[in-house]
Each structure stands twice: as structure tokens, then as C-alpha cells.
Amino acid sequence: MDLVSEARSLAPELVALRRRLHRIPEIGLDLPKTQAEVLSALEGLPLEISTGTDLTSVTAVLRGAKPGPVVLLRGDMDGLPITEETGVDFSSEHEGYMHACGHDLHTAGLVGAARLLCAHRSELAGDIVFMFQPGEEGFDGAGHMIAEGVLNAAGRPVDAAFGLHVWSGTYPHGVFASRPGPLMAASDGLFVTVKGAGGHGSTPHATRDPIPVACEMVTSLQTLVTRRFNTFDPVVLTVGEFHAGNQRNIIPDTATFSATVRSFDPDVREQLATETVRLCENLARAHSLEAEVTYQYEYPALLNEDRAAAFVGETVADLFGVDRYREMKDPQTGSEDFSRILNEVPGAFVFLGATCSDDLAAAPSNHSPRSAFDDAVLADGAALLAELAVRHCAGSSE
């Protein structure tokens, strides 16, 4: 079977689907219009289709004609609360929402993979689970789908899982990139409220001002990262929110801030959970204030199985040539809830350059209101996902 050629013949349909999805971005776990488009696109295929109970997911199972393993392929479907500024003629029709991370391409590409594999059902050894997931952008959609049974949708456990993510910058157009081991960071949240006693800004000695103490915490957390953690085992801590007061001559009772915390090693993650909380609590105590500090675990690090990552690289080289694959030197400090799948099942995640620009440095990044993705890469992304499933099933069945 020549899945690349077959996928390219499907390209006009996949591009049309992607652009319909781009017009109707929805966020979170409830994506009724997106779900309806997916169900329509899968209609008539020999698939066992189910939808989520607590979220608008779609799970489709293809039964191969021959016995073999179960392979899961995933595409996330949700958008972001961003007002689009791309100016394309298929821009978002939902004010304040945008497909700024390429999930519309992921969804259309997974539909393409389903179409390709269904056409070769008689040759397929094993079962394929197509996971159309809401809520990747901060809503733990993967965790919800696991709880609702996606890893056993075929009636037996999934044996391997693969996913793909497009980038509007970072990687050259059409280039796939991945690596063995850590690919993306664990993501956690640190939430701090410093409690003092407010008063007039002209007499700070008569108050217990929470603002300078909270500021000291922010700078001390950066020192903690550089002095308590090995520089060769990366940690990123970024304070993205800081709120205190509402007038310049009033000292408030409280100051609050929150941070995103990224790490790769589980032991380092545990150390962060302990030491960030202790630091903030002790700094507050040193100034005779109190602090409420919460460390919230979110997504684990995304870890590619070594053999699966090598398998992805070999498959890309076979299908498209060695120049279309790049093994990344370093992981990314962004996070992905596909990590929940790879925590349970061996597999790999791969990136695909979908930039519209020849100048990667100038190309808007994912999550920008100007991020743009070239849907010309759709066919090759769909072909890769389908080929990974076919080859894994054939190799495991020999």
C-alpha cells in the first residue's frame, strides 16, 4: 500500500475539513460543533464509534481483518480563548476564540488517517483506536478520556500510542521532529496568597504590607531554581500573574501571585512541590505575615519510549526521505496531556513543521493571535500516523 500517495489524493477533502473546523473553534471539554463535524467526516466508515459522557470526545475503533495488537492514534480538537488576527478567509467565526495551536489540523489529519486505514482494513493486523480529544489546552481532556475508558475502547488494552503536533514556527515546513526519552516537560501550578494588614500608604510601619513580601518571594523563587536544582536537569518557574491593591496610596490586606512550574524528572518535581511551598511560607513568617501556598500537580512529563521514537524516525525517513526528519537535541519545556497516554502505554509523540513563513525566527509562534499553519502538510501527517499504525501492527504480529 502507498499511503503517502493515497493521503495526497485526499488532501483537498482534508484541507476543506480543516478550514471548516478553523471557523468554529471551541474551548474546553464541550465542543459540540467540532464533534458534529468529526462524526460527519467519519460517517459511512467501518468504525465502532462512541462519544464521551462528560466531554464531547469521539472514539472510533477499526477492527483489522487479522489478529494483532491495538494501536491508539490521537488528535486533539480544542481551540484557545484568543481573538484571531491572521486575516485568512476562513478565520474564526467565534468571537474571542481561535485555533491558534493547530488542533484543527490534528483533527483533520486524524480523520485522514482513519480514512486511509479503513480503506486497507482487509490487510490490517490488529485494531486501531482513533482518539478525538477535547480539552487539551488546560482541561486535561486526555485524563478524562482515560477515565472514560479510551485505553480499553477496543475491548482489550492499547499496546502502543502515537500522536502528532504541528508548529507554526520552530521547525521548517514539512520537517518532522522528535527524540527518545523526555520530549516535553511536566507542568504544575504554584498559587500563593500573602496575608497582611492593610492601611494608609503614608504610614507603612502601621501596617503589615504584603506586597514587598510577595515580591521577595518572586525573586527568591528564581534563586531557588538556580541554587537548589541541577542546571543539567532543567527547571523553569515563571510567575505569570501578580495582583495586589487597587489604589497607589492604599496598602492592601493581601497580595497574590501564581506561577507555572516545568520540570522533567519525577524526583525534581517532588522536590519543587516541597521547596517552593516551604520557601514562600517561611518568607512570610520571617516578616510576621502569613501565606497560603498551594502546589498543584497538572500534567506529567511527556516521555517517548526509546524504541518508539526510533521507529518514528525510521518511518519518516522511509516515507519522505532522511531530510524530512530531525532528532531534537533537547526537549521542549512546553507541556502536553498526551503525556497521560504515554504514562500508561509505550509510544511516541512527533512534531511537524507547518509554518507559512520562510523565516522561522519571524514566524508567529503557536498561541499567537497571528499564528498561521500551512494545511499543505495535512496529507503527510495523516499518512505518517496511518503508516505508524500499519507497521506497528505488522511488526507485532510477525
# chains A, B, ... in the order shown; residues from 1 in each chain; ligands from 1
>>> select_by_dssp(residues="segment 128-217 of chain A", states="strand (DSSP E or B)", output="PyMOL selection string")
chain A and resi 128-133+160-167+176-178+181-184+186-195+197+199-200+208
>>> closest_atom_pairs(of="segment 225-302 of chain A", to="segment 139-150 of chain A", cutoff="12 Å", atoms="only C-alpha atoms", output="tab-separated table")
residue	atom	partner	partner_atom	distance
A:Tyr297	CA	A:Asp140	CA	11.6
A:Glu298	CA	A:Asp140	CA	8.2
A:Tyr299	CA	A:Asp140	CA	7.8
A:Pro300	CA	A:Asp140	CA	11.1
>>> select_by_dssp(residues="segment 139-174 of chain A", states="helix (DSSP H, G or I)", output="PyMOL selection string")
chain A and resi 141-147+150-152
>>> residues_around(residues="segment 81-92 of chain A", least_positions_apart="4", cutoff="9 Å", atoms="only C-alpha atoms", output="list in words")
Arg19, Arg20, Leu21, His22, Arg23, Ile24, Pro25, Glu26, Ile27, Gly96, Tyr97, Met98, His99, Ala100, His367, Ser368, Pro369, Arg370, Ser371 and Ala372 of chain A
>>> residues_around(residues="segment 224-227 of chain A", least_positions_apart="5", cutoff="12 Å", atoms="only C-alpha atoms", output="PyMOL selection string")
chain A and resi 216-219+232-238+261-263+268-269+271-272+274-280
>>> write_last_selection(atoms="N, CA, C and O atoms", output="short mmCIF file (atom, residue, chain, number, x, y, z; two decimals), in the first residue's frame")
data_model
loop_
_atom_site.label_atom_id
_atom_site.label_comp_id
_atom_site.auth_asym_id
_atom_site.auth_seq_id
_atom_site.Cartn_x
_atom_site.Cartn_y
_atom_site.Cartn_z
N GLU A 216 9.44 39.68 47.16
CA GLU A 216 10.62 38.94 47.61
C GLU A 216 10.47 37.45 47.29
O GLU A 216 11.43 36.78 46.90
N MET A 217 9.26 36.95 47.44
CA MET A 217 9.02 35.54 47.09
C MET A 217 9.29 35.28 45.62
O MET A 217 9.91 34.27 45.25
N VAL A 218 8.82 36.19 44.76
CA VAL A 218 9.01 36.00 43.31
C VAL A 218 10.49 35.92 42.97
O VAL A 218 10.93 35.04 42.23
N THR A 219 11.29 36.85 43.50
CA THR A 219 12.72 36.82 43.19
C THR A 219 13.41 35.64 43.86
O THR A 219 14.32 35.03 43.27
N PHE A 232 21.72 20.87 34.84
CA PHE A 232 21.64 19.89 33.76
C PHE A 232 20.36 19.05 33.82
O PHE A 232 20.17 18.14 33.02
N ASP A 233 19.51 19.37 34.78
CA ASP A 233 18.18 18.74 34.87
C ASP A 233 17.19 19.90 34.95
O ASP A 233 16.78 20.31 36.03
N PRO A 234 16.78 20.41 33.80
CA PRO A 234 16.17 21.75 33.75
C PRO A 234 14.89 21.90 34.58
O PRO A 234 14.06 21.00 34.67
N VAL A 235 14.77 23.09 35.15
CA VAL A 235 13.56 23.54 35.83
C VAL A 235 13.25 24.95 35.32
O VAL A 235 14.16 25.78 35.18
N VAL A 236 12.00 25.21 35.02
CA VAL A 236 11.55 26.55 34.64
C VAL A 236 10.42 26.95 35.58
O VAL A 236 9.47 26.19 35.75
N LEU A 237 10.53 28.11 36.18
CA LEU A 237 9.47 28.65 37.03
C LEU A 237 9.19 30.08 36.58
O LEU A 237 10.07 30.94 36.67
N THR A 238 7.99 30.31 36.09
CA THR A 238 7.62 31.63 35.58
C THR A 238 6.37 32.13 36.29
O THR A 238 5.33 31.46 36.27
N VAL A 261 5.21 25.93 36.65
CA VAL A 261 6.45 25.26 37.02
C VAL A 261 6.66 24.07 36.09
O VAL A 261 5.79 23.21 35.97
N ARG A 262 7.81 24.04 35.42
CA ARG A 262 8.10 22.99 34.44
C ARG A 262 9.33 22.20 34.89
O ARG A 262 10.32 22.76 35.35
N SER A 263 9.26 20.88 34.71
CA SER A 263 10.38 20.01 35.07
C SER A 263 10.28 18.73 34.25
O SER A 263 9.28 18.48 33.56
N VAL A 268 12.73 15.54 40.83
CA VAL A 268 12.85 17.00 40.84
C VAL A 268 11.48 17.63 41.02
O VAL A 268 11.32 18.62 41.75
N ARG A 269 10.49 17.05 40.39
CA ARG A 269 9.12 17.56 40.52
C ARG A 269 8.66 17.51 41.98
O ARG A 269 8.06 18.47 42.49
N GLN A 271 10.63 17.51 44.60
CA GLN A 271 11.42 18.49 45.33
C GLN A 271 10.86 19.90 45.14
O GLN A 271 10.79 20.69 46.09
N LEU A 272 10.45 20.21 43.92
CA LEU A 272 9.83 21.52 43.66
C LEU A 272 8.56 21.71 44.49
O LEU A 272 8.34 22.79 45.07
N THR A 274 7.84 20.51 47.32
CA THR A 274 8.17 20.73 48.73
C THR A 274 8.82 22.08 48.95
O THR A 274 8.42 22.87 49.83
N GLU A 275 9.85 22.37 48.15
CA GLU A 275 10.69 23.52 48.46
C GLU A 275 10.06 24.86 48.08
O GLU A 275 10.31 25.88 48.73
N THR A 276 9.26 24.91 47.03
CA THR A 276 8.61 26.18 46.69
C THR A 276 7.61 26.58 47.76
O THR A 276 7.52 27.75 48.14
N VAL A 277 6.86 25.60 48.26
CA VAL A 277 5.88 25.88 49.31
C VAL A 277 6.59 26.33 50.58
O VAL A 277 6.21 27.34 51.21
N ARG A 278 7.63 25.60 50.96
CA ARG A 278 8.35 25.93 52.19
C ARG A 278 8.98 27.32 52.10
O ARG A 278 8.94 28.10 53.07
N LEU A 279 9.57 27.65 50.97
CA LEU A 279 10.19 28.95 50.81
C LEU A 279 9.19 30.08 51.02
O LEU A 279 9.45 31.04 51.77
N CYS A 280 8.04 29.99 50.36
CA CYS A 280 7.05 31.06 50.47
C CYS A 280 6.48 31.17 51.89
O CYS A 280 6.30 32.28 52.42
#
>>> atom_distance(atom1="atom CA of Val15 of chain A", atom2="atom CA of Phe162 of chain A")
21.8 Å
>>> residues_around(residues="Ile49 of chain A", least_positions_apart="6", cutoff="12 Å", atoms="only C-alpha atoms", output="number ranges by chain")
A: 35, 38-40, 42-43, 57-63, 114, 128-132, 150, 153-154
>>> atom_distance(atom1="atom CA of Arg285 of chain A", atom2="atom CA of Ser220 of chain A")
14.5 Å
>>> atom_distance(atom1="atom CA of Glu95 of chain A", atom2="atom CA of Ser365 of chain A")
20.7 Å
>>> residues_around(residues="segment 65-72 of chain A", least_positions_apart="6", cutoff="8 Å", atoms="only C-alpha atoms", output="PyMOL selection string")
chain A and resi 121-131+151+154+156-162+389+392-394+396-397
>>> closest_residue(among="A:Phe257, A:Val213, A:His205, A:Cys118", to="Leu3 of chain A", atoms="only C-alpha atoms")
A:Cys118
>>> closest_residue(among="A:Asp323, A:Glu290, A:Asp209, A:Glu336", to="Gly135 of chain A", atoms="only C-alpha atoms")
A:Glu336
